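First comes the structure, then the notes that go with it.
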Amino acid sequence: MLLHRAHFRFGLGPSPAEAASPPAAPREHVLRQLDQPTTLPPSPGLPSAMEAVGLFLTAREDINTARRERVQPHFVGPFPISGRELLHRVAQAQATATPLHERLALHWCNHFAVTDANKTGFFAGAMEREAIRPNMLGRFHAMLRGCTTHPAMLFFLDNRVSTGPNSAEGQRRRRGLNENLGRELLELHTLGVDGGYTQQDVQEVARILTGWTVHVEARGRPLEERIGFDPALHEPGPRQVLGKRYPDAGPEQLELLLVDLCRHPATARHVTRRLVRHFVGDQAPPALAQRLAGVFRDTDGDLGAVTRAMLRSEEAWTTPATKLRPPVELLFSAARMVHPERPAPRGALRAMGQAWQNAPSPAGWPEEDNSWVAADSVKTRLDWALEVASHLSPVPDARRLAEQAFGDGLSAETKRAIERAASGGQAMTLLLMSPEFQRR
Amino acid sequence: MTQLIGRRLALGGLGALFGWGYMPRLSSAAGTRDPRLLVLVLRGGMDGLAAVPALGDPAFDEARHAPELREAGATTPLDSFFALNRNMPELAAMYRDRQALVLHAVASPYRGRSHFDGQDVLESGAPAVSTGGRTGWLNAALALLPHGERVAAPRGLGIAATVPLILRGPASVETWQRQVYRYADDDTVARLLDLYEARDPALAEALRAGAALDGTMRNGEDAADGMAVPGTPLNFAADAAAAARFMARPDGPRIGAISYGGWDTHAEQGSVTGRLGRNLAALDQALGALKAGLAPVWQDTVVAVVTEFGRTVRVNGTRGTDHGTATVALLLGGAVRGGRVLADWPGLATAQLFEGRDLAPTTDIRAAMKGMLAEHLGLDEQRLGSQVFAESAGVRPLRGLVGRHA
């Protein structure tokens with residue numbers, strides 16, 4: 001069972017090399033990945049947040065020019081960017097020696113869910129690379145700060161346009177507050193919905209957040225001055241959140257708030273609960289999340305220490321594999337294991353109900369063990385698996401692959417079904433659809 | 001048969017009991033009538049004051065500051081007090097034909113401002129945010145529909161990739177979404193089913209259900225309709241038309257739910273010509289598609305439109321509105337006693353607002369839904385107050401909503 005947990009609960013299934021020589025000590029194999037860097041190597045097709053602002057401005061200019069000249073603008077939305085981001089993640093899932101990091105990235109991107117649609121889409125991939133990846137085994141505070149002030153989040157939850165009513169801009173243009181990011185910062189990213197904050201707190205946080213923006217007016221500002229804190233939008237004055245007073249210190253006001261939010265016991269509870277639910281599942285004994293919350297508090301939110309504690313716990317390895325894996329994990333695992341030619345990743349994710357970076361709400365994709373057990377999605381998984389298997393050339397030997405990938409987790413029934421399959425393609429389809437591959 | 005693009009109807013949900021090769025049989029309910037109920041859940045908090053502005057309230061202009069709603073042609077009067085956003089001509093026509101009932105200042109018992117908790121309360125039917133095993137009130141109503149020995153249990157239909165909370169529960173539910181691959185062959189399905197039967201009953205049930213109704217859709221009634229993400233405005237009408245087609249069949253599901261997103265209009269709301277205006281227009285087209293698709297059974301159909309909460313009365317600093325409380329709900333259908341706006345109007349003056357910012361709730365959405373379920377599906381009040389909307393015995397059903405001779 002340890003091999004199955006290592007590959008599937010904490011990884012993306014074996015690569016061909018890992019299948020050929022399975023790790024002798026699966027737990028240590030996973031734990032060792034904690035010592036490796038978590039950043040993604042830079043890639044020319046993937047813009048930084050600042051470059052993405054430039055692409056956004058160019059795209060808008062193209063649309064305006066086309067409108068003026070009454071011609072059809074060529075397609076300039078964020079989708080080519082997010083498409084490249086997805087293909088890059090698939091390639092990374094295939095090549096990486098640290099699949100745990102890919103899984104951590106999926107989890108934290110879901111914790112700080114943004115969408116690839118509309119303007120946000122220009123920046124969503126950059127947020128993962130700049131704010132999430134470098135901090136997945138570092139301080140939660142750094143990740144929180146990076147995501148809260150990232151253009152992707154500022155666009156997605158409208159903070160870009162939120163303006164202090166008494167700020168210079170608020171007075172001049174009669175603009176005001178938008179509490180969207182303030183609310184989700186408390187409800188989803190830190191304290192949790194039961195974290196004991198009030199509507200007053202939400203509004204005060206929204207006021208503290210004013211000023212954090214992205215300037216996208218057409219002219220007059222170099223790219224490097226377009227992202228960040230603009231005092232002209234910031235609501236002046238001290239604020240009161242959860243009973244504590246925050247003096248007006250410009251951008252420092254948010255800094256002080258985020259430090260306190262990270263140290264709040266509700267945040268430790270909420271963040272570790274979500275982490276355990278994602279990796280270990282609904283069946284995890286509550287004591288595990290409680291212990292991890294303790295580690296979170298004791299280490300001032302050191303996610304490396306929290307993740308290590310989870311991986312060292314007995315529960316992480318003994319809790320039954322009852323979570324039906326979300327489509328994105330299936331896609332990455334199939335890519336890692338058999339390098340399929342088809343179907344195209346983006347369409348596959350959409351068909352299986354998990355369009356890339358397109359969670360139904362800021363709360364992200366559902367995490368309950370059985371949230372993906374619906375008739376339509378299970379049947380579509382089968383149609384997808386068949387599509388994968390029927391485009392493999394040559395078809396790998398599913399009998400051997402099943403033994404290598406699942407180890408002693410391979411059930412007699414799955415083994416028999418694969419052995420008796422009518423064709424190599426059908427055998428591979430059954431492997432991809434087996435409970436061993438589908439659940440973790 | 002290979003079909004690259006098509007649609008699929010599939011059985012699903014928890015506790016579905018349909019065997020391999022299941023063929024739906026005629027179902028009956030509520031005496032000689034054969035009622036159908038479709039609930040549209042608007043996710044994100046629909047701004048009732050933009051859809052049905054209370055232009056007759058003397059405080060409206062000051063409270064809302066929405067000059068665009070005062071422009072000529074921006075609204076159609078519903079009565080001397082309320083008007084309807086001009087993006088909803090289908091709804092206006094149904095209202096004129098007395099087939100659309102507008103309920104205003106309506107809210108669920110939820111008084112917080114979280115989408116997720118708000119939707120939880122709206123859909124579960126519980127008096128507060130539920131913990132643990134969550135089921136939906138529509139599923140509970142479905143489970144109470146009468147069915148005899150020789151008659152298949154009435155089924156529910158969810159237009160979504162997964163079953164929405166409102167339809168979750170013990171009664172069997174079908175889900176439907178766009179299908180982009182060819183269907184797996186029966187032999188592979190059968191082999192996988194064998195494996196699941198032995199190792200994973202939950203997956204067996206889901207797969208059996210999904211495959212059983214593939215057959216229904218293999219003739220491809222509406223293939224080649226693209227791959228857009230469900231739930232975006234472009235697809236409102238397409239999803240509604242599909243739901244109508246399934247539900248209009250004699251052997252089709254009797255109870256269904258569709259989710260429509262895009263209502264969380266925090267910034268640049270554009271109630272008439274902008275984003276919200278377009279969303280209202282898309283919703284209106286969906287309502288039109290439902291009426292057209294369900295025409296043969298429209299006399300026995302109720303379409304309910306609900307949302308988790310309304311939005312702030314005041315426009316915020318970014319020309320949008322934030323999470324509020326009371327809003328609008330709609331009931332449509334041939335037997336709805338429509339052509340009216342039902343509201344115990346709380347007023348829009350500052351002192352009359354809930355927490356100084358929201359339209360105050362004066363009608364409990366559960367009262368309206370219970371009244372509708374009682375009159376339309378013949379469910380009794382006692383069960384509505386315990387099994388469908390838990391612990392709601394004190395919330396009296398609103399009567400006189402459905403039924404020409406009530």
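Each chain in the structure tokens gets a letter, A, B, ..., in the order shown, and its residues are numbered from 1; ligands are numbered from 1 in order too.
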Original post:
Near chain B, which residues of chain A fall within 8 Å when you count only C-alpha atoms, and what do they look like as number ranges by chain?
Top reply: A: 158, 161-163, 165, 174-180, 187, 193, 350-353, 355, 363, 371-380, 382-384, 386-387, 413-414, 417, 426, 430, 433-435
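Taking atom CA of Ala343 of chain B and atom CA of Ala92 of chain B as endpoints, the distance between them is 17.8 Å.
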**OP:** Any chance you could list, as an NGL selection string, the residues in segment 159-330 of chain A that come up alpha helix (DSSP H) when DSSP is run on the backbone?
**Re:** :A and (168-173 or 180-184 or 199-209 or 251-263 or 265-279 or 286-298 or 303-312 or 315-318 or 327-330)
Please save C-alpha atoms of the selected residues as a PDB file, in the first residue's frame.
ATOM      1  CA  ALA A 168      -7.430  61.408  -3.522  1.00  0.00           C
ATOM      2  CA  GLU A 169      -8.861  59.389  -6.424  1.00  0.00           C
ATOM      3  CA  GLY A 170     -12.044  58.570  -4.532  1.00  0.00           C
ATOM      4  CA  GLN A 171     -12.687  62.266  -3.976  1.00  0.00           C
ATOM      5  CA  ARG A 172     -11.721  63.293  -7.488  1.00  0.00           C
ATOM      6  CA  ARG A 173     -13.649  60.593  -9.366  1.00  0.00           C
ATOM      7  CA  ASN A 180     -15.036  41.264  -2.715  1.00  0.00           C
ATOM      8  CA  LEU A 181     -11.363  40.556  -1.980  1.00  0.00           C
ATOM      9  CA  GLY A 182     -11.723  41.662   1.632  1.00  0.00           C
ATOM     10  CA  ARG A 183     -14.400  39.052   2.204  1.00  0.00           C
ATOM     11  CA  GLU A 184     -12.687  36.149   0.449  1.00  0.00           C
ATOM     12  CA  GLN A 199     -19.302  42.349   8.286  1.00  0.00           C
ATOM     13  CA  GLN A 200     -17.537  45.334   9.867  1.00  0.00           C
ATOM     14  CA  ASP A 201     -14.266  43.420   9.702  1.00  0.00           C
ATOM     15  CA  VAL A 202     -14.843  42.628   6.026  1.00  0.00           C
ATOM     16  CA  GLN A 203     -15.345  46.291   5.232  1.00  0.00           C
ATOM     17  CA  GLU A 204     -12.351  47.361   7.267  1.00  0.00           C
ATOM     18  CA  VAL A 205     -10.184  44.795   5.475  1.00  0.00           C
ATOM     19  CA  ALA A 206     -11.528  46.078   2.159  1.00  0.00           C
ATOM     20  CA  ARG A 207     -10.469  49.599   3.184  1.00  0.00           C
ATOM     21  CA  ILE A 208      -7.002  48.351   4.110  1.00  0.00           C
ATOM     22  CA  LEU A 209      -6.777  46.677   0.701  1.00  0.00           C
ATOM     23  CA  PRO A 251       1.154  49.591   2.186  1.00  0.00           C
ATOM     24  CA  GLU A 252       2.430  48.524   5.614  1.00  0.00           C
ATOM     25  CA  GLN A 253      -1.142  48.502   6.884  1.00  0.00           C
ATOM     26  CA  LEU A 254      -1.899  45.397   4.811  1.00  0.00           C
ATOM     27  CA  GLU A 255       1.428  43.876   5.809  1.00  0.00           C
ATOM     28  CA  LEU A 256       0.559  44.187   9.506  1.00  0.00           C
ATOM     29  CA  LEU A 257      -2.920  42.773   8.952  1.00  0.00           C
ATOM     30  CA  LEU A 258      -1.643  39.746   7.015  1.00  0.00           C
ATOM     31  CA  VAL A 259       0.928  38.952   9.713  1.00  0.00           C
ATOM     32  CA  ASP A 260      -1.849  38.933  12.305  1.00  0.00           C
ATOM     33  CA  LEU A 261      -4.204  36.909  10.128  1.00  0.00           C
ATOM     34  CA  CYS A 262      -1.495  34.269   9.628  1.00  0.00           C
ATOM     35  CA  ARG A 263      -1.019  34.020  13.391  1.00  0.00           C
ATOM     36  CA  PRO A 265      -5.629  30.227  15.373  1.00  0.00           C
ATOM     37  CA  ALA A 266      -8.602  30.083  12.997  1.00  0.00           C
ATOM     38  CA  THR A 267      -6.214  30.445  10.057  1.00  0.00           C
ATOM     39  CA  ALA A 268      -4.029  27.590  11.288  1.00  0.00           C
ATOM     40  CA  ARG A 269      -7.153  25.478  11.647  1.00  0.00           C
ATOM     41  CA  HIS A 270      -8.688  26.427   8.292  1.00  0.00           C
ATOM     42  CA  VAL A 271      -5.504  26.090   6.238  1.00  0.00           C
ATOM     43  CA  THR A 272      -4.430  22.740   7.676  1.00  0.00           C
ATOM     44  CA  ARG A 273      -7.939  21.337   7.509  1.00  0.00           C
ATOM     45  CA  ARG A 274      -8.053  22.076   3.798  1.00  0.00           C
ATOM     46  CA  LEU A 275      -4.571  20.607   3.297  1.00  0.00           C
ATOM     47  CA  VAL A 276      -5.497  17.362   5.044  1.00  0.00           C
ATOM     48  CA  ARG A 277      -8.791  17.128   3.222  1.00  0.00           C
ATOM     49  CA  HIS A 278      -7.045  17.523  -0.098  1.00  0.00           C
ATOM     50  CA  PHE A 279      -4.278  14.997   0.438  1.00  0.00           C
ATOM     51  CA  PRO A 286      -9.534  14.858  12.991  1.00  0.00           C
ATOM     52  CA  ALA A 287      -6.493  14.526  15.244  1.00  0.00           C
ATOM     53  CA  LEU A 288      -4.228  14.810  12.200  1.00  0.00           C
ATOM     54  CA  ALA A 289      -5.493  18.250  11.179  1.00  0.00           C
ATOM     55  CA  GLN A 290      -5.400  19.341  14.825  1.00  0.00           C
ATOM     56  CA  ARG A 291      -1.758  18.314  15.130  1.00  0.00           C
ATOM     57  CA  LEU A 292      -0.885  20.052  11.882  1.00  0.00           C
ATOM     58  CA  ALA A 293      -2.644  23.195  13.073  1.00  0.00           C
ATOM     59  CA  GLY A 294      -0.372  23.028  16.109  1.00  0.00           C
ATOM     60  CA  VAL A 295       2.693  22.763  13.887  1.00  0.00           C
ATOM     61  CA  PHE A 296       1.404  25.687  11.827  1.00  0.00           C
ATOM     62  CA  ARG A 297       1.063  27.826  14.952  1.00  0.00           C
ATOM     63  CA  ASP A 298       4.347  26.724  16.505  1.00  0.00           C
ATOM     64  CA  LEU A 303       4.345  25.159   5.237  1.00  0.00           C
ATOM     65  CA  GLY A 304       7.455  23.019   4.832  1.00  0.00           C
ATOM     66  CA  ALA A 305       7.188  21.936   8.465  1.00  0.00           C
ATOM     67  CA  VAL A 306       3.433  21.398   8.151  1.00  0.00           C
ATOM     68  CA  THR A 307       3.796  19.311   4.992  1.00  0.00           C
ATOM     69  CA  ARG A 308       6.629  17.316   6.538  1.00  0.00           C
ATOM     70  CA  ALA A 309       4.534  16.620   9.627  1.00  0.00           C
ATOM     71  CA  MET A 310       1.700  15.406   7.424  1.00  0.00           C
ATOM     72  CA  LEU A 311       4.009  13.097   5.465  1.00  0.00           C
ATOM     73  CA  ARG A 312       5.569  11.742   8.649  1.00  0.00           C
ATOM     74  CA  GLU A 315      -2.569   8.609   9.236  1.00  0.00           C
ATOM     75  CA  ALA A 316      -1.286   9.953   5.928  1.00  0.00           C
ATOM     76  CA  TRP A 317      -0.273   6.447   4.927  1.00  0.00           C
ATOM     77  CA  THR A 318      -2.906   4.310   6.618  1.00  0.00           C
ATOM     78  CA  PRO A 327      -9.812  15.119 -13.494  1.00  0.00           C
ATOM     79  CA  VAL A 328      -6.705  17.289 -13.500  1.00  0.00           C
ATOM     80  CA  GLU A 329      -4.805  14.619 -11.541  1.00  0.00           C
ATOM     81  CA  LEU A 330      -5.969  11.909 -13.933  1.00  0.00           C
TER      82      LEU A 330
END
**OP:** Identify which of the residues A:Pro16, A:Pro326, A:Pro41, A:Gly54 lies closest to His88 of chain A, counting only C-alpha atoms when measuring atom-to-atom distances.
**Re:**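 Closest to His88 of chain A of all the choices is A:Pro41.
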